[in-house]
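Novice: This is the content of start-v5.cif (mmCIF, C-alpha atoms):
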data_target
#
loop_
_atom_site.label_atom_id
_atom_site.label_comp_id
_atom_site.auth_asym_id
_atom_site.auth_seq_id
_atom_site.Cartn_x
_atom_site.Cartn_y
_atom_site.Cartn_z
CA MET A 225 -27.77 19.91 -12.41
CA ILE A 226 -24.52 18.10 -11.57
CA GLY A 227 -24.59 14.30 -11.76
CA ILE A 228 -22.28 11.55 -10.59
CA SER A 229 -20.37 11.57 -13.87
CA THR A 230 -19.20 15.12 -13.10
CA MET A 231 -18.10 14.36 -9.52
CA PHE A 232 -15.11 12.47 -8.10
CA PRO A 233 -15.88 11.47 -4.48
CA VAL A 234 -12.93 11.60 -2.04
CA GLU A 235 -13.45 10.29 1.50
CA ILE A 236 -11.52 12.43 3.99
CA HIS A 237 -10.63 10.96 7.40
CA LEU A 238 -9.12 13.43 9.86
CA GLU A 239 -8.22 13.58 13.51
CA GLN A 240 -10.41 16.15 15.24
CA SER A 241 -8.32 19.31 15.19
CA ASN A 242 -8.57 23.08 15.14
CA ASN A 243 -5.11 23.32 13.55
CA LYS A 244 -5.87 24.78 10.11
CA GLU A 245 -2.41 23.94 8.73
CA TYR A 246 -2.82 20.26 9.70
CA LEU A 247 -6.30 20.15 8.13
CA ILE A 248 -5.16 21.72 4.85
CA LYS A 249 -2.10 19.44 4.54
CA GLU A 250 -4.04 16.29 5.43
CA ILE A 251 -6.93 17.07 3.07
CA CYS A 252 -4.42 17.71 0.28
CA HIS A 253 -2.60 14.46 1.04
CA GLN A 254 -5.83 12.44 1.02
CA ILE A 255 -7.07 14.05 -2.21
CA PHE A 256 -3.78 13.23 -3.92
CA THR A 257 -3.76 9.68 -2.54
CA GLN A 258 -7.28 8.96 -3.81
CA ALA A 259 -7.67 11.13 -6.92
CA PHE A 260 -4.13 11.71 -8.18
CA SER A 261 -2.37 8.58 -6.90
CA GLU A 262 0.44 8.75 -9.47
CA TYR A 263 1.51 12.18 -8.19
CA SER A 264 3.01 13.35 -4.91
CA CYS A 265 1.18 15.86 -2.79
CA PRO A 266 2.97 19.22 -3.11
CA PRO A 267 3.85 21.31 -0.06
CA ILE A 268 0.57 23.10 0.67
CA ILE A 269 0.20 25.61 3.49
CA THR A 270 -2.76 27.80 2.55
CA THR A 271 -6.36 27.23 1.53
CA GLU A 272 -5.70 29.09 -1.71
CA SER A 273 -2.72 26.90 -2.62
CA LEU A 274 -4.78 23.77 -1.90
CA ILE A 275 -7.56 24.99 -4.16
CA GLN A 276 -5.17 26.05 -6.94
CA GLU A 277 -3.27 22.76 -6.91
CA VAL A 278 -6.35 20.53 -6.89
CA VAL A 279 -8.09 22.57 -9.60
CA ARG A 280 -4.88 22.44 -11.68
CA MET A 281 -4.60 18.66 -11.29
CA THR A 282 -8.26 17.95 -12.06
CA GLY A 283 -7.88 20.01 -15.24
CA LEU A 284 -4.58 18.35 -16.17
CA LEU A 285 -5.97 14.86 -15.66
CA LYS A 286 -9.42 15.77 -17.00
CA LEU A 287 -11.11 14.54 -13.84
CA PRO A 288 -14.56 15.68 -12.76
CA LYS A 289 -15.12 18.10 -9.89
CA ILE A 290 -13.90 16.77 -6.53
CA CYS A 291 -16.53 15.98 -3.90
CA LEU A 292 -15.07 15.89 -0.38
CA ILE A 293 -16.82 13.53 2.02
CA LEU A 294 -16.12 14.74 5.55
CA GLU A 295 -17.03 13.09 8.86
CA LYS A 296 -19.49 15.31 10.70
CA GLU A 297 -18.59 13.86 14.11
CA ARG A 298 -15.00 15.10 13.73
CA ALA A 299 -15.98 18.58 12.55
CA SER A 300 -14.05 21.17 14.50
CA THR A 301 -14.63 24.89 14.13
CA ALA A 302 -11.53 25.11 11.92
CA LEU A 303 -12.75 22.26 9.68
CA ILE A 304 -16.19 23.84 9.29
CA GLN A 305 -14.62 27.19 8.37
CA LEU A 306 -12.28 25.47 5.91
CA ALA A 307 -15.16 23.54 4.35
CA LEU A 308 -17.12 26.78 3.91
CA ARG A 309 -14.16 28.25 2.03
CA LEU A 310 -13.62 25.09 -0.04
CA GLN A 311 -17.28 24.73 -1.06
CA GLU A 312 -16.75 27.40 -3.71
CA HIS A 313 -14.51 24.94 -5.60
CA PHE A 314 -15.47 21.49 -4.28
CA SER A 315 -18.73 19.80 -3.39
CA ILE A 316 -18.85 19.01 0.32
CA VAL A 317 -20.78 16.12 1.88
CA TRP A 318 -20.98 15.80 5.67
CA ALA A 319 -21.36 12.12 6.50
CA PRO A 320 -22.35 11.06 10.00
CA GLU A 321 -19.97 8.70 11.77
CA THR A 322 -22.70 7.18 13.90
CA GLY A 323 -23.17 4.01 11.85
CA MET A 324 -25.78 5.60 9.62
CA THR A 325 -25.28 6.88 6.11
CA LEU A 326 -26.74 9.98 4.50
CA SER A 327 -30.03 8.23 3.76
CA GLY A 328 -30.23 6.40 7.08
CA PHE A 329 -29.10 2.96 5.93
CA PRO A 330 -26.74 0.87 8.07
CA ASP A 331 -23.16 1.84 7.35
CA ASN A 332 -21.19 -0.71 5.40
CA GLN A 333 -18.60 0.15 2.79
CA GLU A 334 -20.51 -0.96 -0.31
CA ASN A 335 -23.82 0.57 0.81
CA TYR A 336 -22.10 3.79 1.91
CA LYS A 337 -20.57 4.34 -1.53
CA GLN A 338 -23.90 3.63 -3.23
CA VAL A 339 -25.71 6.11 -0.97
CA VAL A 340 -23.11 8.81 -1.65
CA LYS A 341 -23.31 8.15 -5.41
CA ALA A 342 -27.11 8.38 -5.27
CA TRP A 343 -26.85 11.63 -3.29
CA LEU A 344 -24.45 13.07 -5.87
CA GLN A 345 -26.79 12.14 -8.71
CA LYS A 346 -29.51 14.21 -7.07
CA LEU A 347 -27.32 17.35 -7.15
#
I need this file expressed as structure tokens, please.
Specialist:
Amino acid sequence: MIGISTMFPVEIHLEQSNNKEYLIKEICHQIFTQAFSEYSCPPIITTESLIQEVVRMTGLLKLPKICLILEKERASTALIQLALRLQEHFSIVWAPETGMTLSGFPDNQENYKQVVKAWLQKL
């Protein structure tokens, strides 16, 4: 059982796109901005290089496993395929963008984070 103490939630906000290269680069950039803010995002062009770099950094900084929070409403075919590949190394949460959180509460920043943390604790 994986609890909140072993997860580092990273909210990913993307433009809806089927461009895999854009998705990989933007996800990498947002992970580095939120989880590794003292470091620059390296030039990433493949799924494998994204995985290797993030796994390397989490180990180096002794951070817990990364949990990517993706917006379901912006899920393109390419993003879904990428998320399926990434789920081997990251936890993936699909959050609705319709004003409701995972547990159906009204979406406000503080409540949203609490709902995600509660969801992660249940894993």
Novice: Taking 3 positions as the minimum chain separation for residues in the same chain, which residues sit within 12 Å of A:Thr271 when counting only C-alpha atoms? Answer as a list in words.
Specialist: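 What passes the distance filter is Lys244, Glu245, Tyr246, Leu247, Ile248, Lys249, Glu250, Ile251, Cys252, Pro267, Ile268, Leu274, Ile275, Gln276, Glu277, Val278, Ala302, Leu303, Gln305, Leu306, Ala307, Leu308, Arg309, Leu310, Gln311, Glu312 and His313 of chain A.
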Novice: Selected by the PyMOL selection byres ((chain A and resi 298) around 8) in the shown coordinates: which residues, as a ChimeraX atom specification?
Specialist: /A:238-240,295-297,299-300
Novice: Name the closest residue to A:Met281 among the candidates A:Ser261, A:Asn242, A:Thr301, A:Ser315; distances are taken between atoms, counting only C-alpha atoms.
Specialist: A:Ser261
Novice: From the options A:Ile269, A:Pro320, A:Lys286, A:Phe314, which residue's atoms come nearest to A:Asn243, counting only C-alpha atoms?
Specialist: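 Checking each of A:Ile269, A:Pro320, A:Lys286, A:Phe314 against A:Asn243, counting only C-alpha atoms, the winner is A:Ile269.
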Novice: One number please: atom CA of A:Ile316 to atom CA of A:Cys291, in Å, one decimal.
Specialist: 5.7 Å
Novice: What separation in Å, quoted to one decimal, exists between atom CA of A:Ile304 and atom CA of A:Val279?
Specialist: 20.6 Å
Novice: For the file shown, report as number ranges by chain the outcome of the PyMOL selection byres ((chain A and resi 294) around 6) at residue level.
Specialist: A: 236, 293, 295, 318-319
Novice: Can you tell me how far atom CA of A:Phe256 sits from atom CA of A:Thr282, in Å to one decimal?
Specialist: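 Separating atom CA of A:Phe256 from atom CA of A:Thr282 is a distance of 10.4 Å.
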Novice: Can you turn the PyMOL selection byres ((chain A and resi 232-235) around 8) into a concrete residue list for this file, as an MDAnalysis selection string?
Specialist: chainID A and resid 228:231 236:237 254:255 258:259 287:294
